[in-house]
>>> print(open('upload_37.cif').read())   # mmCIF, C-alpha atoms and all ligand atoms
data_work
#
loop_
_atom_site.label_atom_id
_atom_site.label_comp_id
_atom_site.auth_asym_id
_atom_site.auth_seq_id
_atom_site.Cartn_x
_atom_site.Cartn_y
_atom_site.Cartn_z
CA MET Z 1 50.16 30.11 -219.85
CA ASP Z 2 51.55 29.37 -223.29
CA GLU Z 3 49.55 29.91 -226.44
CA GLY Z 4 48.77 26.21 -226.92
CA THR Z 5 47.33 25.84 -223.41
CA ALA Z 6 45.21 28.94 -223.87
CA ARG Z 7 43.75 27.48 -227.05
CA ASP Z 8 43.00 24.17 -225.29
CA ASP Z 9 41.21 25.99 -222.49
CA ALA Z 10 39.09 27.83 -225.00
CA ARG Z 11 38.20 24.54 -226.73
CA VAL Z 12 36.85 22.90 -223.58
CA ALA Z 13 35.17 26.04 -222.24
CA ALA Z 14 31.62 25.45 -221.04
CA ASN Z 15 28.67 26.64 -223.12
CA ASN Z 16 27.96 29.47 -220.70
CA GLU Z 17 31.48 30.84 -220.91
CA LEU Z 18 31.41 30.71 -224.69
CA TYR Z 19 28.01 32.35 -224.75
CA GLU Z 20 29.22 35.21 -222.55
CA ARG Z 21 32.24 35.71 -224.78
CA ALA Z 22 30.12 35.42 -227.90
CA LYS Z 23 27.66 38.05 -226.71
CA ARG Z 24 30.49 40.54 -226.34
CA VAL Z 25 31.54 40.26 -229.98
CA LEU Z 26 28.51 38.89 -231.89
CA PRO Z 27 25.01 40.41 -231.63
CA GLY Z 28 23.04 38.01 -229.43
CA GLY Z 29 26.09 35.77 -229.41
CA VAL Z 30 25.22 34.30 -232.80
CA ASN Z 31 25.60 34.69 -236.53
CA SER Z 32 21.95 33.89 -237.32
CA PRO Z 33 19.13 34.91 -234.96
CA VAL Z 34 17.30 31.58 -234.44
CA ARG Z 35 20.45 30.07 -232.90
CA ALA Z 36 20.25 32.47 -229.94
CA PHE Z 37 17.47 30.47 -228.18
CA LEU Z 38 15.47 33.72 -227.87
CA SER Z 39 12.13 32.05 -228.46
CA VAL Z 40 12.81 29.04 -226.21
CA GLY Z 41 14.94 30.68 -223.51
CA GLY Z 42 18.21 29.41 -222.04
CA THR Z 43 21.76 29.14 -223.28
CA PRO Z 44 22.60 27.81 -226.73
CA TYR Z 45 24.86 24.78 -226.87
CA PHE Z 46 28.06 25.46 -228.79
CA VAL Z 47 28.80 22.60 -231.15
CA GLU Z 48 32.34 21.23 -231.13
CA ARG Z 49 31.80 18.46 -233.65
CA GLY Z 50 29.21 16.35 -235.41
CA GLU Z 51 29.07 12.86 -236.84
CA GLY Z 52 26.10 11.27 -238.57
CA SER Z 53 22.91 11.95 -236.60
CA LYS Z 54 24.72 13.45 -233.61
CA VAL Z 55 26.52 16.57 -232.43
CA TRP Z 56 28.61 17.16 -229.30
CA ASP Z 57 28.78 20.46 -227.47
CA ALA Z 58 31.56 22.34 -225.70
CA GLU Z 59 30.95 20.38 -222.50
CA GLY Z 60 31.03 17.04 -224.27
CA ASN Z 61 27.23 16.54 -224.16
CA GLU Z 62 25.89 14.40 -226.99
CA TYR Z 63 22.71 15.38 -228.84
CA LEU Z 64 20.70 13.47 -231.39
CA ASP Z 65 20.41 16.27 -233.91
CA TYR Z 66 17.25 17.18 -235.83
CA VAL Z 67 18.56 20.63 -236.78
CA GLN Z 68 21.11 19.28 -239.28
CA SER Z 69 21.98 22.83 -240.30
CA TYR Z 70 18.31 23.58 -240.99
CA GLY Z 71 18.24 21.01 -243.74
CA ALA Z 72 21.65 21.46 -245.33
CA SER Z 73 23.00 18.15 -244.05
CA ILE Z 74 20.77 15.51 -245.62
CA LEU Z 75 23.42 12.80 -245.17
CA GLY Z 76 24.09 13.68 -241.54
CA HIS Z 77 27.23 15.33 -240.22
CA ALA Z 78 30.74 14.70 -241.54
CA ASP Z 79 29.67 12.27 -244.24
CA PRO Z 80 32.92 10.50 -245.22
CA ALA Z 81 32.52 11.04 -248.99
CA VAL Z 82 31.79 14.74 -248.49
CA VAL Z 83 34.72 15.15 -246.10
CA ALA Z 84 37.06 13.40 -248.57
CA ALA Z 85 35.83 15.52 -251.49
CA VAL Z 86 36.29 18.77 -249.57
CA THR Z 87 39.72 17.73 -248.31
CA ASP Z 88 40.90 16.85 -251.82
CA ALA Z 89 39.46 20.04 -253.25
CA ALA Z 90 41.11 22.21 -250.57
CA ALA Z 91 44.51 20.74 -251.37
CA ALA Z 92 44.10 22.01 -254.94
CA GLY Z 93 43.24 25.55 -253.89
CA THR Z 94 40.11 26.97 -252.31
CA THR Z 95 39.10 29.68 -254.78
CA TYR Z 96 40.42 30.96 -258.10
CA GLY Z 97 38.06 33.51 -259.64
CA ALA Z 98 37.94 31.44 -262.83
CA PRO Z 99 35.47 28.82 -264.03
CA THR Z 100 36.04 25.21 -262.91
CA ARG Z 101 35.02 21.71 -264.03
CA ARG Z 102 32.87 20.91 -260.99
CA GLU Z 103 30.63 23.97 -261.53
CA VAL Z 104 29.74 22.52 -264.92
CA GLU Z 105 29.14 19.06 -263.46
CA LEU Z 106 26.92 20.38 -260.67
CA ALA Z 107 24.91 22.54 -263.07
CA GLU Z 108 24.47 19.59 -265.45
CA LEU Z 109 23.24 17.44 -262.61
CA VAL Z 110 20.66 20.02 -261.46
CA CYS Z 111 19.41 20.54 -265.02
CA GLU Z 112 19.11 16.77 -265.46
CA TRP Z 113 17.24 16.21 -262.19
CA VAL Z 114 14.82 19.13 -261.92
CA PRO Z 115 12.19 19.13 -264.68
CA GLY Z 116 12.22 22.48 -266.48
CA VAL Z 117 15.54 23.85 -265.23
CA GLU Z 118 17.82 24.38 -268.23
CA MET Z 119 20.43 26.67 -266.71
CA ILE Z 120 21.48 27.73 -263.25
CA ARG Z 121 23.66 30.44 -261.75
CA MET Z 122 25.36 29.53 -258.50
CA THR Z 123 25.48 31.77 -255.44
CA SER Z 124 26.84 31.39 -251.90
CA SER Z 125 23.53 31.30 -250.01
CA GLY Z 126 19.81 30.68 -250.39
CA THR Z 127 19.16 34.36 -249.70
CA GLU Z 128 21.27 35.40 -252.67
CA ALA Z 129 19.55 32.79 -254.82
CA ALA Z 130 16.06 34.05 -253.93
CA MET Z 131 17.10 37.70 -254.28
CA SER Z 132 18.58 37.03 -257.71
CA ALA Z 133 15.55 35.00 -258.80
CA ILE Z 134 13.32 37.97 -258.01
CA ARG Z 135 15.63 40.34 -259.90
CA LEU Z 136 15.65 37.95 -262.85
CA ALA Z 137 11.85 37.73 -262.85
CA ARG Z 138 11.50 41.49 -262.73
CA GLY Z 139 14.10 41.93 -265.46
CA ALA Z 140 12.54 39.28 -267.68
CA THR Z 141 8.98 40.60 -267.36
CA GLY Z 142 9.71 44.32 -267.07
CA ARG Z 143 7.22 44.38 -264.19
CA LYS Z 144 7.64 45.38 -260.54
CA LYS Z 145 5.26 43.59 -258.23
CA VAL Z 146 6.22 40.54 -256.15
CA VAL Z 147 3.52 38.47 -254.48
CA LYS Z 148 4.57 36.21 -251.60
CA PHE Z 149 2.79 34.17 -248.95
CA ALA Z 150 2.65 34.94 -245.24
CA GLY Z 151 4.84 32.49 -243.33
CA CYS Z 152 7.01 31.66 -246.33
CA TYR Z 153 10.66 32.62 -245.86
CA HIS Z 154 12.89 33.48 -248.78
CA GLY Z 155 16.00 34.60 -246.94
CA HIS Z 156 16.76 38.06 -245.61
CA VAL Z 157 16.09 39.89 -248.87
CA ASP Z 158 14.67 43.37 -248.12
CA SER Z 159 11.64 42.99 -250.34
CA LEU Z 160 10.79 39.49 -249.08
CA LEU Z 161 11.15 39.77 -245.28
CA VAL Z 162 7.58 40.98 -244.84
CA ALA Z 163 5.58 38.30 -243.03
CA GLY Z 164 8.53 35.93 -243.33
CA GLY Z 165 8.39 32.71 -241.32
CA SER Z 166 11.37 31.04 -239.65
CA GLY Z 167 13.60 33.38 -237.64
CA VAL Z 168 11.63 36.47 -238.64
CA ALA Z 169 8.56 34.93 -237.00
CA ASN Z 170 10.54 33.88 -233.91
CA GLN Z 171 11.69 37.44 -233.36
CA GLY Z 172 8.13 38.69 -233.54
CA LEU Z 173 9.15 41.11 -236.28
CA VAL Z 174 7.03 41.92 -239.25
CA GLY Z 175 9.77 42.31 -241.77
CA SER Z 176 12.69 44.17 -240.25
CA ALA Z 177 13.91 47.56 -239.12
CA GLY Z 178 16.24 48.91 -241.75
CA VAL Z 179 13.98 47.90 -244.62
CA THR Z 180 12.61 51.02 -246.22
CA GLU Z 181 8.99 51.42 -247.23
CA SER Z 182 10.06 51.80 -250.81
CA ALA Z 183 11.82 48.42 -250.66
CA VAL Z 184 8.52 46.70 -249.87
CA ALA Z 185 6.24 49.00 -251.84
CA ASP Z 186 6.01 46.42 -254.61
CA THR Z 187 5.60 43.39 -252.33
CA VAL Z 188 2.13 41.96 -251.76
CA VAL Z 189 1.51 39.34 -249.06
CA ALA Z 190 -1.19 36.68 -249.44
CA PRO Z 191 -2.36 33.85 -247.16
CA TYR Z 192 -0.88 30.42 -247.94
CA ASN Z 193 -3.16 27.79 -249.45
CA THR Z 194 -5.46 30.37 -251.07
CA VAL Z 195 -4.81 31.27 -254.72
CA PRO Z 196 -4.43 35.06 -254.88
CA THR Z 197 -5.84 37.11 -257.74
CA LEU Z 198 -2.91 38.69 -259.59
CA ASP Z 199 -2.85 41.71 -261.84
CA ALA Z 200 -0.87 42.65 -264.91
CA ASP Z 201 1.77 44.47 -262.79
CA THR Z 202 2.81 41.21 -261.14
CA ALA Z 203 6.32 40.12 -262.13
CA VAL Z 204 6.52 37.08 -259.93
CA LEU Z 205 4.61 34.93 -257.48
CA ALA Z 206 7.03 33.46 -254.91
CA VAL Z 207 6.12 30.35 -252.97
CA GLU Z 208 7.62 27.55 -250.91
CA ALA Z 209 5.78 24.76 -252.73
CA VAL Z 210 5.81 22.89 -249.44
CA ALA Z 211 6.04 25.54 -246.73
CA ALA Z 212 8.74 24.68 -244.22
CA ASN Z 213 9.41 27.94 -242.41
CA MET Z 214 6.12 28.17 -240.50
CA GLY Z 215 6.53 24.60 -239.37
CA VAL Z 216 5.69 22.25 -242.23
CA VAL Z 217 2.52 23.09 -244.15
CA ALA Z 218 1.60 21.06 -247.20
CA PRO Z 219 -0.03 22.70 -250.19
CA GLU Z 220 -3.66 21.65 -250.39
CA PRO Z 221 -4.79 19.81 -253.53
CA GLY Z 222 -5.17 22.30 -256.36
CA PHE Z 223 -3.23 25.13 -254.65
CA LEU Z 224 -0.03 24.88 -256.70
CA GLU Z 225 -1.98 24.13 -259.88
CA GLY Z 226 -4.07 27.24 -259.12
CA LEU Z 227 -0.92 29.36 -258.75
CA ARG Z 228 0.35 28.10 -262.10
CA ALA Z 229 -2.94 28.95 -263.81
CA GLU Z 230 -3.16 32.40 -262.21
CA CYS Z 231 0.42 33.26 -263.25
CA ASP Z 232 -0.34 32.12 -266.79
CA ARG Z 233 -3.51 34.21 -266.84
CA VAL Z 234 -1.64 37.49 -266.17
CA GLY Z 235 1.76 36.61 -267.64
CA ALA Z 236 3.58 36.56 -264.28
CA LEU Z 237 6.41 34.14 -263.50
CA LEU Z 238 5.90 31.44 -260.90
CA PHE Z 239 8.89 31.12 -258.57
CA PHE Z 240 9.40 27.99 -256.46
CA ASP Z 241 11.79 28.68 -253.62
CA GLU Z 242 13.21 25.18 -253.27
CA VAL Z 243 15.97 26.09 -250.82
CA ILE Z 244 14.53 23.51 -248.42
CA THR Z 245 12.56 21.22 -250.72
CA GLY Z 246 15.18 20.98 -253.50
CA PHE Z 247 16.98 17.60 -253.50
CA ARG Z 248 15.16 16.75 -250.25
CA LEU Z 249 11.68 15.82 -251.45
CA GLY Z 250 13.47 13.78 -254.10
CA ARG Z 251 15.93 14.42 -256.90
CA GLY Z 252 13.42 16.66 -258.64
CA GLY Z 253 12.42 18.48 -255.42
CA ALA Z 254 8.96 19.98 -255.06
CA THR Z 255 8.72 20.35 -258.83
CA ALA Z 256 8.73 16.61 -259.53
CA TRP Z 257 6.88 15.94 -256.26
CA SER Z 258 3.97 18.22 -257.19
CA GLY Z 259 4.02 17.87 -260.96
CA VAL Z 260 3.62 21.65 -261.17
CA GLN Z 261 6.40 23.40 -263.06
CA PRO Z 262 7.37 26.94 -262.10
CA ASP Z 263 9.31 29.37 -264.31
CA VAL Z 264 12.06 30.24 -261.84
CA TRP Z 265 13.70 28.23 -259.04
CA ALA Z 266 15.96 28.91 -256.07
CA PHE Z 267 18.04 26.20 -254.42
CA GLY Z 268 20.28 26.08 -251.38
CA LYS Z 269 21.05 23.85 -248.40
CA VAL Z 270 21.28 20.26 -249.77
CA ILE Z 271 22.81 21.42 -253.06
CA GLY Z 272 25.94 22.49 -251.16
CA GLY Z 273 26.51 19.32 -249.16
CA GLY Z 274 26.86 21.47 -246.03
CA LEU Z 275 28.97 24.23 -247.56
CA PRO Z 276 27.71 27.72 -248.41
CA VAL Z 277 25.93 27.29 -251.76
CA GLY Z 278 22.78 28.47 -253.45
CA ALA Z 279 21.62 28.55 -257.05
CA PHE Z 280 18.81 29.96 -259.07
CA GLY Z 281 17.63 28.59 -262.36
CA ALA Z 282 15.08 28.78 -265.16
CA SER Z 283 14.67 27.89 -268.81
CA ALA Z 284 17.50 28.88 -271.15
CA GLU Z 285 15.24 31.61 -272.54
CA VAL Z 286 14.61 33.21 -269.15
CA MET Z 287 18.23 32.75 -268.02
CA ALA Z 288 19.39 34.54 -271.17
CA ASN Z 289 18.49 37.72 -269.27
CA ILE Z 290 21.36 37.15 -266.83
CA ALA Z 291 24.69 38.92 -267.34
CA PRO Z 292 26.87 38.41 -269.33
CA LEU Z 293 24.16 37.17 -271.74
CA GLY Z 294 21.60 39.78 -270.81
CA PRO Z 295 20.91 42.96 -268.82
CA VAL Z 296 20.16 41.49 -265.36
CA TYR Z 297 23.36 41.81 -263.35
CA GLN Z 298 24.31 39.11 -260.86
CA GLY Z 299 27.70 37.87 -259.70
CA GLY Z 300 29.82 36.71 -256.77
CA THR Z 301 33.50 36.35 -255.85
CA LEU Z 302 32.97 32.95 -254.23
CA SER Z 303 30.06 31.77 -256.39
CA GLY Z 304 30.66 28.23 -257.65
CA ASN Z 305 33.42 27.88 -255.08
CA PRO Z 306 35.63 24.78 -255.57
CA LEU Z 307 35.05 23.41 -252.05
CA ALA Z 308 31.32 24.03 -252.22
CA THR Z 309 30.91 22.33 -255.58
CA ALA Z 310 33.01 19.39 -254.37
CA ALA Z 311 30.78 18.99 -251.30
CA GLY Z 312 27.58 19.46 -253.29
CA LEU Z 313 28.52 16.89 -255.90
CA ALA Z 314 29.70 14.40 -253.27
CA ALA Z 315 26.36 14.76 -251.47
CA LEU Z 316 24.04 14.77 -254.49
CA ARG Z 317 25.76 11.79 -256.12
CA GLN Z 318 24.78 9.66 -253.15
CA LEU Z 319 21.09 10.50 -253.47
CA ASP Z 320 18.94 8.09 -255.43
CA ASP Z 321 15.36 6.85 -255.21
CA GLU Z 322 16.32 4.18 -252.71
CA ARG Z 323 17.86 6.66 -250.31
CA TYR Z 324 14.96 9.10 -250.66
CA SER Z 325 12.55 6.24 -249.84
CA ALA Z 326 14.64 5.38 -246.81
CA LEU Z 327 14.62 8.99 -245.63
CA GLU Z 328 10.89 9.25 -246.13
CA ALA Z 329 10.34 6.05 -244.14
CA THR Z 330 12.46 7.49 -241.30
CA ALA Z 331 10.41 10.69 -241.36
CA LYS Z 332 7.13 8.77 -241.32
CA ARG Z 333 8.27 6.65 -238.37
CA LEU Z 334 9.28 9.80 -236.50
CA ALA Z 335 6.05 11.66 -237.27
CA ALA Z 336 3.78 8.75 -236.39
CA GLY Z 337 5.67 8.06 -233.17
CA LEU Z 338 5.68 11.71 -232.03
CA ALA Z 339 1.98 12.08 -232.79
CA GLU Z 340 1.15 8.94 -230.86
CA ALA Z 341 3.37 9.78 -227.88
CA LEU Z 342 1.99 13.30 -227.48
CA THR Z 343 -1.63 12.41 -228.18
CA ALA Z 344 -1.51 9.55 -225.69
CA ALA Z 345 -0.58 12.08 -223.00
CA GLY Z 346 -3.48 14.33 -223.96
CA VAL Z 347 -1.38 16.99 -225.71
CA PRO Z 348 -3.12 18.54 -228.74
CA VAL Z 349 -0.66 17.93 -231.56
CA GLN Z 350 -0.34 17.83 -235.33
CA VAL Z 351 2.76 16.19 -236.82
CA PRO Z 352 2.62 16.63 -240.58
CA ALA Z 353 5.10 14.62 -242.64
CA VAL Z 354 5.56 15.68 -246.24
CA GLY Z 355 8.08 13.32 -247.80
CA PRO Z 356 11.13 13.60 -245.53
CA LEU Z 357 9.98 16.89 -243.94
CA VAL Z 358 8.40 16.69 -240.49
CA GLY Z 359 6.57 19.51 -238.68
CA LEU Z 360 5.31 19.80 -235.11
CA PHE Z 361 2.36 21.96 -234.13
CA PHE Z 362 0.56 22.13 -230.82
CA ALA Z 363 -2.90 22.37 -232.34
CA ASP Z 364 -6.17 20.44 -232.46
CA ASP Z 365 -6.63 20.78 -236.20
CA ALA Z 366 -4.42 20.63 -239.28
CA VAL Z 367 -2.41 23.81 -239.86
CA ARG Z 368 -3.20 25.40 -243.25
CA HIS Z 369 -1.52 28.79 -243.12
CA TYR Z 370 0.54 31.23 -241.06
CA ASP Z 371 -2.27 32.31 -238.71
CA ASP Z 372 -2.81 28.67 -237.71
CA ALA Z 373 0.96 28.24 -237.23
CA LYS Z 374 1.13 31.35 -235.05
CA ALA Z 375 -1.75 30.13 -232.89
CA SER Z 376 0.16 26.89 -232.33
CA ALA Z 377 3.32 28.81 -231.35
CA GLU Z 378 1.31 31.02 -229.01
CA THR Z 379 0.26 28.03 -226.89
CA GLY Z 380 3.76 28.35 -225.40
CA LEU Z 381 4.17 24.58 -225.38
CA TYR Z 382 7.05 24.45 -227.84
CA PRO Z 383 9.74 25.92 -225.53
CA ARG Z 384 8.78 23.44 -222.81
CA PHE Z 385 8.83 20.54 -225.25
CA PHE Z 386 12.12 21.74 -226.69
CA HIS Z 387 13.87 21.92 -223.31
CA GLY Z 388 12.40 18.61 -222.17
CA MET Z 389 13.85 16.98 -225.28
CA LEU Z 390 17.18 18.82 -225.06
CA SER Z 391 17.69 17.70 -221.47
CA ARG Z 392 17.21 14.13 -222.75
CA GLY Z 393 19.86 14.63 -225.42
CA ILE Z 394 17.55 15.33 -228.37
CA ALA Z 395 18.18 18.60 -230.21
CA LEU Z 396 15.26 20.15 -232.07
CA ALA Z 397 15.42 23.60 -233.65
CA PRO Z 398 15.21 26.34 -230.99
CA GLY Z 399 12.09 27.89 -232.50
CA PRO Z 400 8.50 26.77 -233.10
CA TYR Z 401 8.44 27.65 -236.80
CA GLU Z 402 11.18 25.28 -237.98
CA ALA Z 403 10.92 21.82 -239.49
CA LEU Z 404 12.51 18.72 -238.01
CA PHE Z 405 15.21 17.39 -240.29
CA PRO Z 406 15.85 13.67 -239.87
CA SER Z 407 18.88 12.79 -242.00
CA LEU Z 408 19.97 9.65 -243.81
CA ALA Z 409 22.23 8.96 -240.84
CA HIS Z 410 19.29 8.70 -238.40
CA THR Z 411 18.67 5.04 -237.55
CA ASP Z 412 15.43 3.40 -236.43
CA ALA Z 413 17.00 3.20 -232.96
CA ASP Z 414 17.57 6.99 -233.03
CA ILE Z 415 13.92 7.54 -233.94
CA ASP Z 416 12.67 5.17 -231.27
CA ARG Z 417 14.79 6.92 -228.65
CA THR Z 418 13.32 10.24 -229.79
CA ILE Z 419 9.78 8.93 -229.45
CA GLU Z 420 10.47 7.51 -225.97
CA ALA Z 421 11.83 10.88 -224.88
CA ALA Z 422 8.81 12.67 -226.37
CA ALA Z 423 6.46 10.37 -224.43
CA GLU Z 424 8.22 11.34 -221.18
CA VAL Z 425 8.24 15.05 -221.99
CA ALA Z 426 4.58 14.91 -223.03
CA THR Z 427 3.54 14.01 -219.48
CA GLU Z 428 5.22 17.22 -218.29
CA LEU Z 429 3.24 19.34 -220.77
CA VAL Z 430 -0.27 18.56 -219.57
CA PRO Z 431 -1.62 20.00 -216.33
CA ASP Z 432 -2.22 17.33 -213.58
C1 LIG C 1 12.85 28.48 -248.32
C2 LIG C 1 14.08 29.26 -247.99
N1 LIG C 1 14.51 30.20 -248.83
C3 LIG C 1 15.62 30.91 -248.60
C4 LIG C 1 16.36 30.70 -247.47
C5 LIG C 1 17.60 31.49 -247.22
O1 LIG C 1 18.72 30.67 -247.33
P1 LIG C 1 20.10 31.07 -246.60
O2 LIG C 1 19.84 30.97 -245.14
O3 LIG C 1 21.08 30.05 -247.11
O4 LIG C 1 20.44 32.44 -247.03
C6 LIG C 1 15.95 29.74 -246.54
C7 LIG C 1 16.71 29.53 -245.30
O5 LIG C 1 16.30 28.88 -244.38
C8 LIG C 1 14.78 29.00 -246.80
O6 LIG C 1 14.34 28.07 -245.96
#
>>> encode(input="upload_37.cif", output="structure tokens")
Amino acid sequence: MDEGTARDDARVAANNELYERAKRVLPGGVNSPVRAFLSVGGTPYFVERGEGSKVWDAEGNEYLDYVQSYGASILGHADPAVVAAVTDAAAAGTTYGAPTRREVELAELVCEWVPGVEMIRMTSSGTEAAMSAIRLARGATGRKKVVKFAGCYHGHVDSLLVAGGSGVANQGLVGSAGVTESAVADTVVAPYNTVPTLDADTAVLAVEAVAANMGVVAPEPGFLEGLRAECDRVGALLFFDEVITGFRLGRGGATAWSGVQPDVWAFGKVIGGGLPVGAFGASAEVMANIAPLGPVYQGGTLSGNPLATAAGLAALRQLDDERYSALEATAKRLAAGLAEALTAAGVPVQVPAVGPLVGLFFADDAVRHYDDAKASAETGLYPRFFHGMLSRGIALAPGPYEALFPSLAHTDADIDRTIEAAAEVATELVPD
């Protein structure tokens, strides 16, 4: 067999074959735990390509995709403007280790759109952005303590994994092995939707202003305002982790959406147009603490990467109020249809829609915090719903704590097909 034929065989290999090979060389066969299907069972599909609202796997199966890279692909897959921007950028060199024009343009755009952000520093992931935001807050205040909320995920930062949602919740881990006690000694965990009482040791209060890693949980009226007031009372910084909400709830993210202004922000996902990008930001005064201006060190070989900034700009420049309204309408149609389809079959369900974010809980009552979300996951209905949908060509995230991410490429027909499938699957979820 010549080399070309061997490569072709590998390309068309079935999902199972790829999974077996993957498990030999990648822990769990994956590069991020949720993808391994551990909490839903079965074999992951290996994506060969994506276009708009759809992806195709190694066997040629088509899926209507609500994963959309966990929210990174707001325009859908392979958006032509993003592809063209990345292609052009690649032809001019993929990384230099020197500042570039597009980094300035992307930073200007973020500072213009998000009320209160005056400067950003770019990173290569949301984890790095959140980690650096915490370091900045500690450096700026000279204090140690970090307060976070159970079920909120801020990436795999040692000090923030405790009671993390998303993949951490799926694995049933509280935090992670390999994180030392000293790394979390200054982390305090509080229940979401209750304003914690802070003390004068608190450097920073970290929150997903709309929680989207324990399913989707909206902040109750007064919660975010209460956090702002409590931070002000003790002189702590309020940190909005907008890795999911940034440029998704609207141009101004959760900040403009809520009208509550934090002191420090983290961004990721949408800001990179599907390439590895994150950023953290603050006022010019707070950002003056970052090296080379100040004593808080932070850097990165690929930070502000030319391809990533090209993709981010090409994506963000397409997002205006009209498109956000369209996305929100799609999300509302999806949420209302899913709720109706499942309820009609007698399945206890909550389908919160916060702007373009949609959640799915198997619960009788609205989910307010992590304990409620866990109770929903423990019904065991999600894996059955997931597989019922997958077998009908609809791909949801393979874990009960993730949001559904309709994209701008999802059509009304896509949504209607999803709701029809959900109505069929719903009948399989209730006992006869
Ligand atoms: C709110 C939030 N913060 C941080 C992160 C970490 O981002 P990344 O996976 O790009 O490191 C995520 C990832 O899902 C997230 O949802």
>>> atom_distance(input="upload_37.cif", atom1="atom CA of Z:Tyr96", atom2="atom CA of Z:Pro276")
16.3 Å
>>> atom_distance(input="upload_37.cif", atom1="atom CA of Z:Leu334", atom2="atom CA of Z:Gly274")
23.2 Å
>>> closest_residue(input="upload_37.cif", among="Z:Leu109, Z:Ala150, Z:Ala353, Z:Ala423", to="Z:Leu338", atoms="all atoms listed in the file")
Z:Ala423
>>> closest_residue(input="upload_37.cif", among="Z:Val210, Z:Leu205, Z:Ala36, Z:Val157", to="Z:Asn193", atoms="all atoms listed in the file")
Z:Val210
>>> closest_atom_pairs(input="upload_37.cif", of="chain Z", to="ligand LIG 1 (chain C)", cutoff="8 Å", atoms="only C-alpha atoms and all ligand atoms", output="Markdown table")
| residue | atom | partner | partner_atom | distance |
| --- | --- | --- | --- | --- |
| Z:Tyr70 | CA | C:LIG1 | O5 | 6.6 |
| Z:Ser124 | CA | C:LIG1 | O3 | 7.6 |
| Z:Ser125 | CA | C:LIG1 | O3 | 4.0 |
| Z:Gly126 | CA | C:LIG1 | O1 | 3.2 |
| Z:Thr127 | CA | C:LIG1 | O4 | 3.5 |
| Z:Glu128 | CA | C:LIG1 | O4 | 6.4 |
| Z:Ala129 | CA | C:LIG1 | C3 | 7.6 |
| Z:Ala130 | CA | C:LIG1 | C3 | 6.2 |
| Z:Cys152 | CA | C:LIG1 | C1 | 6.9 |
| Z:Tyr153 | CA | C:LIG1 | C2 | 5.2 |
| Z:His154 | CA | C:LIG1 | N1 | 3.7 |
| Z:Gly155 | CA | C:LIG1 | C5 | 3.5 |
| Z:His156 | CA | C:LIG1 | C5 | 6.8 |
| Z:Ser166 | CA | C:LIG1 | O5 | 7.2 |
| Z:Glu208 | CA | C:LIG1 | C1 | 5.9 |
| Z:Ala211 | CA | C:LIG1 | C1 | 7.6 |
| Z:Ala212 | CA | C:LIG1 | O6 | 6.8 |
| Z:Asn213 | CA | C:LIG1 | O6 | 6.1 |
| Z:Asp241 | CA | C:LIG1 | C1 | 5.4 |
| Z:Glu242 | CA | C:LIG1 | C1 | 6.0 |
| Z:Val243 | CA | C:LIG1 | C2 | 4.7 |
| Z:Ile244 | CA | C:LIG1 | O6 | 5.2 |
| Z:Thr245 | CA | C:LIG1 | C1 | 7.7 |
| Z:Ala266 | CA | C:LIG1 | N1 | 7.5 |
| Z:Phe267 | CA | C:LIG1 | N1 | 7.7 |
| Z:Gly268 | CA | C:LIG1 | O3 | 5.9 |
| Z:Lys269 | CA | C:LIG1 | O3 | 6.3 |
| Z:Pro276 | CA | C:LIG1 | O3 | 7.1 |
| Z:Val277 | CA | C:LIG1 | O3 | 7.3 |
| Z:Gly278 | CA | C:LIG1 | O3 | 6.8 |
>>> residues_near_point(input="upload_37.cif", point="(35.9, 15.6, -252.0)", cutoff="12 Å", atoms="only C-alpha atoms", output="CSV table (one decimal) with C-alpha atoms, keeping the file's coordinate frame")
chain,number,residue,atom,x,y,z
Z,78,ALA,CA,30.7,14.7,-241.5
Z,79,ASP,CA,29.7,12.3,-244.2
Z,80,PRO,CA,32.9,10.5,-245.2
Z,81,ALA,CA,32.5,11.0,-249.0
Z,82,VAL,CA,31.8,14.7,-248.5
Z,83,VAL,CA,34.7,15.2,-246.1
Z,84,ALA,CA,37.1,13.4,-248.6
Z,85,ALA,CA,35.8,15.5,-251.5
Z,86,VAL,CA,36.3,18.8,-249.6
Z,87,THR,CA,39.7,17.7,-248.3
Z,88,ASP,CA,40.9,16.8,-251.8
Z,89,ALA,CA,39.5,20.0,-253.2
Z,90,ALA,CA,41.1,22.2,-250.6
Z,91,ALA,CA,44.5,20.7,-251.4
Z,92,ALA,CA,44.1,22.0,-254.9
Z,102,ARG,CA,32.9,20.9,-261.0
Z,273,GLY,CA,26.5,19.3,-249.2
Z,275,LEU,CA,29.0,24.2,-247.6
Z,306,PRO,CA,35.6,24.8,-255.6
Z,307,LEU,CA,35.0,23.4,-252.0
Z,308,ALA,CA,31.3,24.0,-252.2
Z,309,THR,CA,30.9,22.3,-255.6
Z,310,ALA,CA,33.0,19.4,-254.4
Z,311,ALA,CA,30.8,19.0,-251.3
Z,312,GLY,CA,27.6,19.5,-253.3
Z,313,LEU,CA,28.5,16.9,-255.9
Z,314,ALA,CA,29.7,14.4,-253.3
Z,315,ALA,CA,26.4,14.8,-251.5
Z,317,ARG,CA,25.8,11.8,-256.1
>>> residues_around(input="upload_37.cif", residues="Z:Ala236", least_positions_apart="3", cutoff="7 Å", atoms="only C-alpha atoms", output="PyMOL selection string")
chain Z and resi 202-204+231-232
>>> closest_residue(input="upload_37.cif", among="Z:Leu319, Z:Ala413, Z:Ile419, Z:Val260", to="Z:Arg248", atoms="all atoms listed in the file")
Z:Leu319
>>> closest_residue(input="upload_37.cif", among="Z:Leu396, Z:Val147, Z:Leu238, Z:Val25", to="Z:Thr197", atoms="all atoms listed in the file")
Z:Val147
